[in-house]
file my_file-v6.pdb (PDB, C-alpha atoms and all ligand atoms)
MODEL        1
ATOM      1  CA  MET A   1      83.842  83.274 112.252
ATOM      2  CA  VAL A   2      87.136  84.664 110.936
ATOM      3  CA  ARG A   3      88.530  87.553 112.995
ATOM      4  CA  GLU A   4      90.933  90.119 111.498
ATOM      5  CA  LEU A   5      93.743  92.025 113.199
ATOM      6  CA  THR A   6      95.694  94.765 111.378
ATOM      7  CA  VAL A   7      99.048  95.914 112.729
ATOM      8  CA  ILE A   8      99.834  99.407 111.550
ATOM      9  CA  SER A   9     102.169 102.335 112.229
ATOM     10  CA  GLY A  10     102.331 106.033 111.434
ATOM     11  CA  LYS A  11     105.631 105.635 109.614
ATOM     12  CA  GLY A  12     107.897 102.852 108.380
ATOM     13  CA  GLY A  13     110.668 101.281 110.478
ATOM     14  CA  CYS A  14     108.670 101.324 113.733
ATOM     15  CA  GLY A  15     109.010  97.607 114.413
ATOM     16  CA  LYS A  16     105.610  96.765 112.942
ATOM     17  CA  THR A  17     106.832  93.751 110.953
ATOM     18  CA  THR A  18     108.972  92.503 113.864
ATOM     19  CA  LEU A  19     105.846  92.408 115.982
ATOM     20  CA  THR A  20     103.529  91.005 113.297
ATOM     21  CA  ALA A  21     105.929  88.182 112.418
ATOM     22  CA  SER A  22     106.207  87.237 116.087
ATOM     23  CA  PHE A  23     102.412  87.244 116.366
ATOM     24  CA  SER A  24     102.365  84.889 113.403
ATOM     25  CA  ALA A  25     104.737  82.570 115.287
ATOM     26  CA  LEU A  26     102.630  82.727 118.465
ATOM     27  CA  ALA A  27      99.124  82.493 116.990
ATOM     28  CA  ARG A  28      97.343  79.231 116.286
ATOM     29  CA  ASN A  29      95.031  78.446 113.382
ATOM     30  CA  HIS A  30      95.569  81.661 111.473
ATOM     31  CA  VAL A  31      96.503  83.163 108.108
ATOM     32  CA  THR A  32      99.113  85.927 107.787
ATOM     33  CA  ALA A  33      98.690  88.659 105.173
ATOM     34  CA  ASP A  34     101.468  91.056 104.194
ATOM     35  CA  ALA A  35      99.571  94.154 103.086
ATOM     36  CA  ASP A  36     102.650  96.395 103.361
ATOM     37  CA  VAL A  37     103.106  95.835  99.650
ATOM     38  CA  ASP A  38     105.480  98.760  98.983
ATOM     39  CA  ALA A  39     107.992  97.331 101.451
ATOM     40  CA  ALA A  40     106.922  93.709 101.758
ATOM     41  CA  ASP A  41     109.358  91.934 104.088
ATOM     42  CA  MET A  42     107.328  89.343 105.925
ATOM     43  CA  HIS A  43     108.598  86.745 103.436
ATOM     44  CA  ILE A  44     112.171  87.324 104.673
ATOM     45  CA  LEU A  45     111.176  86.117 108.128
ATOM     46  CA  LEU A  46     108.586  83.502 107.214
ATOM     47  CA  ASP A  47     110.448  81.898 104.266
ATOM     48  CA  PRO A  48     107.349  81.027 102.231
ATOM     49  CA  LYS A  49     106.923  78.260  99.706
ATOM     50  CA  VAL A  50     104.764  79.759  96.953
ATOM     51  CA  LEU A  51     101.771  77.562  96.098
ATOM     52  CA  ARG A  52      99.803  79.895  93.832
ATOM     53  CA  THR A  53     100.715  83.028  91.840
ATOM     54  CA  GLU A  54      98.291  85.462  90.287
ATOM     55  CA  ARG A  55      98.986  88.531  88.192
ATOM     56  CA  PHE A  56      97.758  91.832  89.489
ATOM     57  CA  HIS A  57      96.660  94.708  87.241
ATOM     58  CA  GLY A  58      96.961  98.324  88.285
ATOM     59  CA  LEU A  59      95.519 101.349  86.488
ATOM     60  CA  ASN A  60      94.776 101.075  82.796
ATOM     61  CA  ILE A  61      97.244 102.999  80.614
ATOM     62  CA  ALA A  62      97.144 104.597  77.188
ATOM     63  CA  LYS A  63      98.291 102.647  74.133
ATOM     64  CA  MET A  64      98.690 104.392  70.785
ATOM     65  CA  ASN A  65      98.054 102.843  67.377
ATOM     66  CA  ASP A  66     100.649 104.545  65.135
ATOM     67  CA  GLU A  67      98.894 103.431  61.971
ATOM     68  CA  LEU A  68      95.733 105.373  62.837
ATOM     69  CA  CYS A  69      97.471 108.486  64.252
ATOM     70  CA  ILE A  70      97.249 111.646  62.087
ATOM     71  CA  ASN A  71      99.662 113.637  64.291
ATOM     72  CA  CYS A  72      97.139 116.281  65.265
ATOM     73  CA  GLY A  73      98.890 116.954  68.605
ATOM     74  CA  LYS A  74      95.716 116.875  70.729
ATOM     75  CA  CYS A  75      97.062 114.138  73.029
ATOM     76  CA  TYR A  76     100.250 116.124  73.735
ATOM     77  CA  GLU A  77      98.230 119.308  74.355
ATOM     78  CA  ASN A  78      95.790 117.662  76.749
ATOM     79  CA  CYS A  79      97.887 115.212  78.775
ATOM     80  CA  ARG A  80      98.481 116.845  82.161
ATOM     81  CA  TYR A  81     101.093 114.285  83.128
ATOM     82  CA  GLY A  82     103.620 114.906  80.351
ATOM     83  CA  ALA A  83     103.291 111.405  78.950
ATOM     84  CA  PHE A  84     103.588 112.680  75.363
ATOM     85  CA  ASP A  85     106.535 114.404  73.686
ATOM     86  CA  PRO A  86     105.763 117.417  71.441
ATOM     87  CA  ASP A  87     106.070 115.047  68.453
ATOM     88  CA  ASN A  88     103.262 112.944  70.034
ATOM     89  CA  THR A  89     105.517 110.069  71.088
ATOM     90  CA  LEU A  90     103.867 108.329  74.048
ATOM     91  CA  HIS A  91     105.851 107.354  77.169
ATOM     92  CA  PRO A  92     103.598 104.729  78.817
ATOM     93  CA  GLU A  93     105.642 104.778  82.048
ATOM     94  CA  LYS A  94     104.488 108.371  82.655
ATOM     95  CA  CYS A  95     100.819 107.627  82.010
ATOM     96  CA  GLU A  96      98.521 108.095  85.012
ATOM     97  CA  GLY A  97      95.554 106.420  83.355
ATOM     98  CA  CYS A  98      93.193 109.444  83.196
ATOM     99  CA  ALA A  99      91.975 108.488  79.673
ATOM    100  CA  VAL A 100      91.832 112.110  78.473
ATOM    101  CA  CYS A 101      93.937 111.333  75.393
ATOM    102  CA  GLU A 102      91.556 108.541  74.423
ATOM    103  CA  LEU A 103      88.704 111.038  74.688
ATOM    104  CA  VAL A 104      90.307 113.836  72.648
ATOM    105  CA  CYS A 105      91.894 111.728  69.910
ATOM    106  CA  PRO A 106      89.816 112.466  66.764
ATOM    107  CA  VAL A 107      90.610 109.190  65.024
ATOM    108  CA  GLY A 108      90.399 106.637  67.852
ATOM    109  CA  ALA A 109      94.137 105.970  67.775
ATOM    110  CA  ILE A 110      94.378 105.588  71.553
ATOM    111  CA  ASP A 111      92.977 102.781  73.670
ATOM    112  CA  MET A 112      93.228 102.272  77.394
ATOM    113  CA  VAL A 113      94.764  98.868  78.137
ATOM    114  CA  GLU A 114      95.462  96.896  81.320
ATOM    115  CA  ARG A 115      98.891  97.299  82.901
ATOM    116  CA  GLU A 116     100.328  94.417  84.888
ATOM    117  CA  ALA A 117     101.514  95.917  88.173
ATOM    118  CA  GLY A 118     102.765  92.879  90.049
ATOM    119  CA  GLU A 119     101.986  89.442  91.433
ATOM    120  CA  ALA A 120     100.091  88.179  94.450
ATOM    121  CA  TYR A 121     101.001  84.870  96.100
ATOM    122  CA  VAL A 122      99.351  82.285  98.285
ATOM    123  CA  SER A 123     102.176  80.544 100.152
ATOM    124  CA  GLU A 124     102.766  78.098 102.969
ATOM    125  CA  THR A 125     105.169  78.826 105.834
ATOM    126  CA  ARG A 126     106.182  77.164 109.106
ATOM    127  CA  PHE A 127     103.449  79.328 110.718
ATOM    128  CA  GLY A 128     100.682  78.495 108.262
ATOM    129  CA  PRO A 129      99.509  80.272 105.105
ATOM    130  CA  LEU A 130     100.975  83.616 104.047
ATOM    131  CA  ILE A 131      99.376  85.879 101.449
ATOM    132  CA  HIS A 132     101.801  88.406 100.002
ATOM    133  CA  ALA A 133     102.502  90.390  96.849
ATOM    134  CA  LYS A 134     105.342  91.858  94.843
ATOM    135  CA  LEU A 135     105.104  94.971  92.701
ATOM    136  CA  HIS A 136     106.984  95.363  89.434
ATOM    137  CA  ALA A 137     109.707  98.042  89.443
ATOM    138  CA  GLY A 138     108.256 101.549  89.362
ATOM    139  CA  GLU A 139     104.753 100.430  90.366
ATOM    140  CA  GLU A 140     103.111 101.785  93.481
ATOM    141  CA  ALA A 141     100.908  99.903  95.896
ATOM    142  CA  SER A 142      97.215 100.711  95.700
ATOM    143  CA  GLY A 143      94.157 100.157  97.827
ATOM    144  CA  LYS A 144      93.072  97.706  95.136
ATOM    145  CA  LEU A 145      96.138  95.498  95.675
ATOM    146  CA  VAL A 146      95.727  95.597  99.467
ATOM    147  CA  ALA A 147      92.088  94.598  98.980
ATOM    148  CA  LEU A 148      93.207  91.687  96.779
ATOM    149  CA  VAL A 149      95.672  90.449  99.441
ATOM    150  CA  ARG A 150      92.950  90.664 102.096
ATOM    151  CA  GLU A 151      90.411  88.926  99.884
ATOM    152  CA  ARG A 152      92.772  86.008  99.184
ATOM    153  CA  ALA A 153      93.600  85.758 102.900
ATOM    154  CA  ARG A 154      89.903  85.499 103.708
ATOM    155  CA  GLN A 155      89.361  82.842 101.043
ATOM    156  CA  VAL A 156      92.249  80.744 102.383
ATOM    157  CA  ALA A 157      91.017  81.197 105.970
ATOM    158  CA  GLU A 158      87.524  80.039 105.014
ATOM    159  CA  ASP A 159      88.781  77.117 102.892
ATOM    160  CA  GLN A 160      91.101  75.878 105.644
ATOM    161  CA  GLY A 161      88.866  76.600 108.637
ATOM    162  CA  LYS A 162      91.195  79.235 110.110
ATOM    163  CA  ASP A 163      89.748  81.649 112.641
ATOM    164  CA  LEU A 164      92.147  84.605 112.490
ATOM    165  CA  ILE A 165      93.853  86.759 109.847
ATOM    166  CA  ILE A 166      96.875  88.758 110.983
ATOM    167  CA  ILE A 167      97.518  91.640 108.577
ATOM    168  CA  ASP A 168     100.803  93.548 108.386
ATOM    169  CA  GLY A 169      99.483  96.915 107.213
ATOM    170  CA  PRO A 170     101.339  99.638 105.320
ATOM    171  CA  PRO A 171     102.677 102.658 107.223
ATOM    172  CA  GLY A 172     101.165 106.137 106.975
ATOM    173  CA  THR A 173      97.585 107.284 106.536
ATOM    174  CA  GLY A 174      97.038 106.892 102.775
ATOM    175  CA  CYS A 175      94.468 104.869 100.906
ATOM    176  CA  THR A 176      96.457 101.619 101.253
ATOM    177  CA  VAL A 177      96.339 102.001 105.038
ATOM    178  CA  ILE A 178      92.626 102.631 105.039
ATOM    179  CA  SER A 179      92.151  99.651 102.741
ATOM    180  CA  SER A 180      94.113  97.449 105.173
ATOM    181  CA  MET A 181      92.023  98.416 108.195
ATOM    182  CA  THR A 182      88.424  98.852 107.034
ATOM    183  CA  GLY A 183      86.109  96.289 108.552
ATOM    184  CA  VAL A 184      88.739  94.543 110.710
ATOM    185  CA  ASP A 185      88.020  93.549 114.304
ATOM    186  CA  LEU A 186      91.051  95.242 115.856
ATOM    187  CA  VAL A 187      93.819  97.635 114.826
ATOM    188  CA  LEU A 188      97.097  97.591 116.734
ATOM    189  CA  VAL A 189      99.016 100.828 116.223
ATOM    190  CA  VAL A 190     102.767 100.564 116.816
ATOM    191  CA  ILE A 191     104.158 103.928 117.916
ATOM    192  CA  GLU A 192     107.756 105.024 118.371
ATOM    193  CA  PRO A 193     108.119 107.902 120.814
ATOM    194  CA  SER A 194     109.436 110.422 118.266
ATOM    195  CA  LEU A 195     107.459 113.587 117.574
ATOM    196  CA  SER A 196     106.739 112.614 113.958
ATOM    197  CA  GLY A 197     105.824 109.068 115.041
ATOM    198  CA  ILE A 198     103.356 110.421 117.588
ATOM    199  CA  HIS A 199     101.861 112.883 115.107
ATOM    200  CA  ASP A 200     101.357 110.254 112.374
ATOM    201  CA  SER A 201     100.020 107.670 114.808
ATOM    202  CA  LYS A 202      97.435 110.089 116.186
ATOM    203  CA  ARG A 203      96.202 110.558 112.628
ATOM    204  CA  ILE A 204      95.809 106.798 112.203
ATOM    205  CA  LEU A 205      93.978 106.516 115.501
ATOM    206  CA  ASP A 206      91.647 109.281 114.265
ATOM    207  CA  VAL A 207      90.991 107.329 111.069
ATOM    208  CA  ALA A 208      90.263 104.177 113.105
ATOM    209  CA  LYS A 209      87.901 106.156 115.327
ATOM    210  CA  HIS A 210      86.179 107.612 112.261
ATOM    211  CA  PHE A 211      85.527 104.102 110.911
ATOM    212  CA  ARG A 212      84.593 102.861 114.427
ATOM    213  CA  ILE A 213      87.353 100.241 114.419
ATOM    214  CA  PRO A 214      88.518  99.257 117.916
ATOM    215  CA  SER A 215      92.197 100.114 118.345
ATOM    216  CA  VAL A 216      94.962  99.452 120.839
ATOM    217  CA  VAL A 217      98.503 100.802 121.008
ATOM    218  CA  CYS A 218     101.966  99.363 121.517
ATOM    219  CA  ILE A 219     104.915 101.682 122.140
ATOM    220  CA  ASN A 220     108.127 100.431 120.578
ATOM    221  CA  LYS A 221     111.560 101.553 121.844
ATOM    222  CA  TYR A 222     109.742 103.338 124.658
ATOM    223  CA  ASP A 223     113.025 103.964 126.473
ATOM    224  CA  ILE A 224     114.565 106.136 123.729
ATOM    225  CA  ASN A 225     112.389 109.065 124.847
ATOM    226  CA  LYS A 226     110.538 108.517 128.113
ATOM    227  CA  GLU A 227     108.978 111.971 128.061
ATOM    228  CA  ASN A 228     107.315 111.312 124.696
ATOM    229  CA  THR A 229     106.327 107.840 125.891
ATOM    230  CA  HIS A 230     104.607 109.491 128.846
ATOM    231  CA  SER A 231     102.670 111.832 126.547
ATOM    232  CA  ILE A 232     101.554 108.898 124.337
ATOM    233  CA  MET A 233     100.331 107.074 127.474
ATOM    234  CA  GLU A 234      98.470 110.188 128.582
ATOM    235  CA  PHE A 235      96.927 110.697 125.146
ATOM    236  CA  CYS A 236      95.738 107.068 125.079
ATOM    237  CA  ARG A 237      94.317 107.334 128.601
ATOM    238  CA  ASN A 238      92.351 110.460 127.643
ATOM    239  CA  GLU A 239      91.068 108.825 124.458
ATOM    240  CA  GLY A 240      90.174 105.546 126.192
ATOM    241  CA  ILE A 241      92.683 103.585 124.060
ATOM    242  CA  GLU A 242      94.384 100.630 125.733
ATOM    243  CA  VAL A 243      98.187 100.492 125.643
ATOM    244  CA  VAL A 244      98.803  96.751 125.343
ATOM    245  CA  GLY A 245     102.515  96.998 125.991
ATOM    246  CA  LYS A 246     105.817  98.839 125.747
ATOM    247  CA  LEU A 247     108.861  97.343 124.086
ATOM    248  CA  PRO A 248     112.398  98.406 124.983
ATOM    249  CA  TYR A 249     115.060  99.312 122.446
ATOM    250  CA  ASP A 250     116.788  95.973 121.895
ATOM    251  CA  GLU A 251     119.207  94.858 119.208
ATOM    252  CA  THR A 252     117.716  91.375 119.387
ATOM    253  CA  ALA A 253     115.135  92.524 116.832
ATOM    254  CA  THR A 254     117.852  93.273 114.242
ATOM    255  CA  LYS A 255     119.803  90.108 115.053
ATOM    256  CA  ALA A 256     116.675  87.976 114.672
ATOM    257  CA  MET A 257     115.850  89.657 111.358
ATOM    258  CA  MET A 258     119.383  89.029 110.082
ATOM    259  CA  GLY A 259     119.049  85.387 111.095
ATOM    260  CA  GLY A 260     115.730  85.108 109.221
ATOM    261  CA  LYS A 261     113.843  84.405 112.449
ATOM    262  CA  THR A 262     111.079  86.046 114.420
ATOM    263  CA  VAL A 263     112.111  87.507 117.791
ATOM    264  CA  VAL A 264     110.117  84.910 119.748
ATOM    265  CA  GLU A 265     111.921  82.076 117.935
ATOM    266  CA  PHE A 266     115.320  83.710 118.182
ATOM    267  CA  SER A 267     115.442  84.569 121.868
ATOM    268  CA  GLU A 268     113.825  84.056 125.264
ATOM    269  CA  GLY A 269     115.025  87.470 126.464
ATOM    270  CA  GLU A 270     113.140  90.557 127.651
ATOM    271  CA  LEU A 271     111.986  91.649 124.187
ATOM    272  CA  SER A 272     110.637  88.203 123.422
ATOM    273  CA  GLN A 273     108.786  88.002 126.769
ATOM    274  CA  SER A 274     107.279  91.463 126.260
ATOM    275  CA  ILE A 275     106.038  90.514 122.782
ATOM    276  CA  LYS A 276     104.469  87.339 124.190
ATOM    277  CA  GLU A 277     102.670  89.385 126.849
ATOM    278  CA  ILE A 278     101.428  91.848 124.190
ATOM    279  CA  TRP A 279     100.140  88.941 122.122
ATOM    280  CA  ARG A 280      98.218  87.568 125.132
ATOM    281  CA  ARG A 281      96.544  90.957 125.575
ATOM    282  CA  VAL A 282      95.787  91.350 121.868
ATOM    283  CA  GLU A 283      94.298  87.856 121.746
ATOM    284  CA  LYS A 284      91.991  88.766 124.623
ATOM    285  CA  GLU A 285      90.795  91.838 122.706
ATOM    286  CA  LEU A 286      90.014  89.664 119.699
ATOM    287  CA  ILE A 287      87.726  87.253 121.578
TER
HETATM  288  S1  LIG B   1      95.680 108.442  79.852
HETATM  289 FE1  LIG B   1      95.923 110.493  80.690
HETATM  290  S2  LIG B   1      97.932 110.401  81.640
HETATM  291 FE2  LIG B   1      97.835 108.671  80.277
HETATM  292  S3  LIG B   1      98.760 109.427  78.416
HETATM  293 FE3  LIG B   1      96.553 109.736  78.217
HETATM  294  S4  LIG B   1      96.185 111.812  78.916
HETATM  295 FE4  LIG B   1      98.232 111.247  79.598
HETATM  296  S1  LIG B   2      95.350 112.762  69.455
HETATM  297 FE1  LIG B   2      95.303 110.859  68.279
HETATM  298  S2  LIG B   2      95.656 111.451  66.211
HETATM  299 FE2  LIG B   2      96.217 113.189  67.426
HETATM  300  S3  LIG B   2      98.423 112.933  67.723
HETATM  301 FE3  LIG B   2      97.437 111.976  69.454
HETATM  302  S4  LIG B   2      97.186 109.822  68.882
HETATM  303 FE4  LIG B   2      97.633 110.965  67.007
ENDMDL
END
call {"tool": "encode", "arguments": {"input": "my_file-v6.pdb", "output": "structure tokens"}}
result
Amino acid sequence: MVRELTVISGKGGCGKTTLTASFSALARNHVTADADVDAADMHILLDPKVLRTERFHGLNIAKMNDELCINCGKCYENCRYGAFDPDNTLHPEKCEGCAVCELVCPVGAIDMVEREAGEAYVSETRFGPLIHAKLHAGEEASGKLVALVRERARQVAEDQGKDLIIIDGPPGTGCTVISSMTGVDLVLVVIEPSLSGIHDSKRILDVAKHFRIPSVVCINKYDINKENTHSIMEFCRNEGIEVVGKLPYDETATKAMMGGKTVVEFSEGELSQSIKEIWRRVEKELI
């Protein structure tokens, strides 16, 4: 049976990737999936060798056939996203794919066509397979792309007899986050003790609770605001959520990142030991 762990945070820059990459270094017989597609950075630390590339399509967009167009202006009048100029020139980069123009065009001069949004990769790293993706400039990540990354990770895990998928999830509470956590066996929420971090993380924990996904918490840079750390601990206690560890503020994380290494490879110091202890506790939860 393949187990799935998603590491997630209420906002970006909380140390989520630092932790996930170290888990990837510590785990055995696993696949890593970088589902934080908007800010994919796992590849910086894991230095993947790409084995397979596949194109990813986002929303369909409008395409106009100038030869059929009779310049009636209906597309300009009806597009809510300003993708047409008053002279009916179409700007595909502004198209949101609603297909209204296709519907209102009296002569069938508009078709909805596939738009290539980016590429997904199956790669090999020193810590086993990595599934990751890259969006083309101006494209946004979608639940569909996160689902594709997860699907490929599962296929690779099944093909290679792996028993765990470690997913680096996107920050926030949007549809990409939900897509990265639905149906997984455990969600680890990384929280920084800032007021906004606490607020956003509580929302994620609510989402996890709504979908009945077991969740645990790790507090990163707990020592930058001990009062807020205390209130996170209290909140978790009241909600019955396990705090699997607290990490101190430590510049080792930045130094390791700059050296292209995970913290547990880079150092044997306090941060590294704390991450190893968190991993032991997370592993126990996954059994
Ligand atoms: S598909 Fe919708 S958003 Fe795109 S150009 Fe047509 S009306 Fe505008
Ligand atoms: S609705 Fe069709 S025919 Fe009318 S201006 Fe737009 S593309 Fe041309």
call {"tool": "residues_around", "arguments": {"input": "my_file-v6.pdb", "residues": "Leu148 (chain A)", "least_positions_apart": "4", "cutoff": "12 Å", "atoms": "only C-alpha atoms", "output": "list of chain:residue names"}}
result
A:Ala33, A:Asp34, A:Ala35, A:Val37, A:Glu54, A:Arg55, A:Phe56, A:His57, A:Gly58, A:Gly118, A:Glu119, A:Ala120, A:Tyr121, A:Val122, A:Ile131, A:His132, A:Ala133, A:Ala141, A:Ser142, A:Gly143, A:Lys144, A:Arg152, A:Ala153, A:Arg154, A:Gln155, A:Thr176, A:Ser179, A:Ser180
call {"tool": "resolve_selection", "arguments": {"input": "my_file-v6.pdb", "expression": "the PyMOL selection byres (((not hetatm)) within 12 of (chain B and resi 1))", "output": "number ranges by chain"}}
result
A: 59-64, 73-85, 88-105, 109-115
call {"tool": "residues_around", "arguments": {"input": "my_file-v6.pdb", "residues": "region 283-285 of chain A", "least_positions_apart": "3", "cutoff": "12 Å", "atoms": "all atoms listed in the file", "output": "ChimeraX atom specification"}}
result
/A:3-5,23-24,26-28,163-166,185-188,214-217,241-244,276-280
call {"tool": "write_last_selection", "arguments": {"input": "my_file-v6.pdb", "atoms": "C-alpha atoms", "output": "PDB file, in the frame of the given file"}}
result
ATOM      1  CA  ARG A   3      88.530  87.553 112.995  1.00  0.00           C
ATOM      2  CA  GLU A   4      90.933  90.119 111.498  1.00  0.00           C
ATOM      3  CA  LEU A   5      93.743  92.025 113.199  1.00  0.00           C
ATOM      4  CA  PHE A  23     102.412  87.244 116.366  1.00  0.00           C
ATOM      5  CA  SER A  24     102.365  84.889 113.403  1.00  0.00           C
ATOM      6  CA  LEU A  26     102.630  82.727 118.465  1.00  0.00           C
ATOM      7  CA  ALA A  27      99.124  82.493 116.990  1.00  0.00           C
ATOM      8  CA  ARG A  28      97.343  79.231 116.286  1.00  0.00           C
ATOM      9  CA  ASP A 163      89.748  81.649 112.641  1.00  0.00           C
ATOM     10  CA  LEU A 164      92.147  84.605 112.490  1.00  0.00           C
ATOM     11  CA  ILE A 165      93.853  86.759 109.847  1.00  0.00           C
ATOM     12  CA  ILE A 166      96.875  88.758 110.983  1.00  0.00           C
ATOM     13  CA  ASP A 185      88.020  93.549 114.304  1.00  0.00           C
ATOM     14  CA  LEU A 186      91.051  95.242 115.856  1.00  0.00           C
ATOM     15  CA  VAL A 187      93.819  97.635 114.826  1.00  0.00           C
ATOM     16  CA  LEU A 188      97.097  97.591 116.734  1.00  0.00           C
ATOM     17  CA  PRO A 214      88.518  99.257 117.916  1.00  0.00           C
ATOM     18  CA  SER A 215      92.197 100.114 118.345  1.00  0.00           C
ATOM     19  CA  VAL A 216      94.962  99.452 120.839  1.00  0.00           C
ATOM     20  CA  VAL A 217      98.503 100.802 121.008  1.00  0.00           C
ATOM     21  CA  ILE A 241      92.683 103.585 124.060  1.00  0.00           C
ATOM     22  CA  GLU A 242      94.384 100.630 125.733  1.00  0.00           C
ATOM     23  CA  VAL A 243      98.187 100.492 125.643  1.00  0.00           C
ATOM     24  CA  VAL A 244      98.803  96.751 125.343  1.00  0.00           C
ATOM     25  CA  LYS A 276     104.469  87.339 124.190  1.00  0.00           C
ATOM     26  CA  GLU A 277     102.670  89.385 126.849  1.00  0.00           C
ATOM     27  CA  ILE A 278     101.428  91.848 124.190  1.00  0.00           C
ATOM     28  CA  TRP A 279     100.140  88.941 122.122  1.00  0.00           C
ATOM     29  CA  ARG A 280      98.218  87.568 125.132  1.00  0.00           C
TER      30      ARG A 280
END
call {"tool": "atom_distance", "arguments": {"input": "my_file-v6.pdb", "atom1": "CA of Leu247 (chain A)", "atom2": "CA of Gly260 (chain A)"}}
result
20.4 Å
call {"tool": "closest_residue", "arguments": {"input": "my_file-v6.pdb", "among": "A:Pro86, A:Asp38, A:Thr18, A:Thr6", "to": "ligand LIG 2 (chain B)", "atoms": "all atoms listed in the file"}}
result
A:Pro86
call {"tool": "residues_around", "arguments": {"input": "my_file-v6.pdb", "residues": "Val156 (chain A)", "least_positions_apart": "4", "cutoff": "8 Å", "atoms": "only C-alpha atoms", "output": "ChimeraX atom specification"}}
result
/A:31,129,152,160,162
call {"tool": "closest_residue", "arguments": {"input": "my_file-v6.pdb", "among": "A:Ile224, A:Gly183, A:Gly269, A:Ser196", "to": "Phe211 (chain A)", "atoms": "all atoms listed in the file"}}
result
A:Gly183
call {"tool": "atom_distance", "arguments": {"input": "my_file-v6.pdb", "atom1": "CA of Lys246 (chain A)", "atom2": "CA of Leu46 (chain A)"}}
result
24.2 Å
call {"tool": "closest_residue", "arguments": {"input": "my_file-v6.pdb", "among": "A:Val7, A:Asn65, A:Lys226, A:Glu268", "to": "ligand LIG 2 (chain B)", "atoms": "all atoms listed in the file"}}
result
A:Asn65
call {"tool": "resolve_selection", "arguments": {"input": "my_file-v6.pdb", "expression": "the PyMOL selection byres (((chain A and resi 220) around 7) and not hetatm)", "output": "short mmCIF file (atom, residue, chain, number, x, y, z; two decimals) with C-alpha atoms, in the frame of the given file"}}
result
data_model
loop_
_atom_site.label_atom_id
_atom_site.label_comp_id
_atom_site.auth_asym_id
_atom_site.auth_seq_id
_atom_site.Cartn_x
_atom_site.Cartn_y
_atom_site.Cartn_z
CA CYS A 14 108.67 101.32 113.73
CA GLY A 15 109.01 97.61 114.41
CA VAL A 190 102.77 100.56 116.82
CA ILE A 191 104.16 103.93 117.92
CA GLU A 192 107.76 105.02 118.37
CA CYS A 218 101.97 99.36 121.52
CA ILE A 219 104.92 101.68 122.14
CA LYS A 221 111.56 101.55 121.84
CA TYR A 222 109.74 103.34 124.66
CA LYS A 246 105.82 98.84 125.75
CA LEU A 247 108.86 97.34 124.09
CA PRO A 248 112.40 98.41 124.98
#
call {"tool": "resolve_selection", "arguments": {"input": "my_file-v6.pdb", "expression": "the PyMOL selection byres (((chain A and resi 193) around 7) and not hetatm)", "output": "list in words"}}
result
Ile191, Glu192, Ser194, Leu195, Gly197, Ile198, Tyr222, Asn225, Asn228 and Thr229 of chain A
call {"tool": "closest_residue", "arguments": {"input": "my_file-v6.pdb", "among": "A:Met1, A:Ile70, A:Ala40, A:Val50", "to": "ligand LIG 2 (chain B)", "atoms": "only C-alpha atoms and all ligand atoms"}}
result
A:Ile70
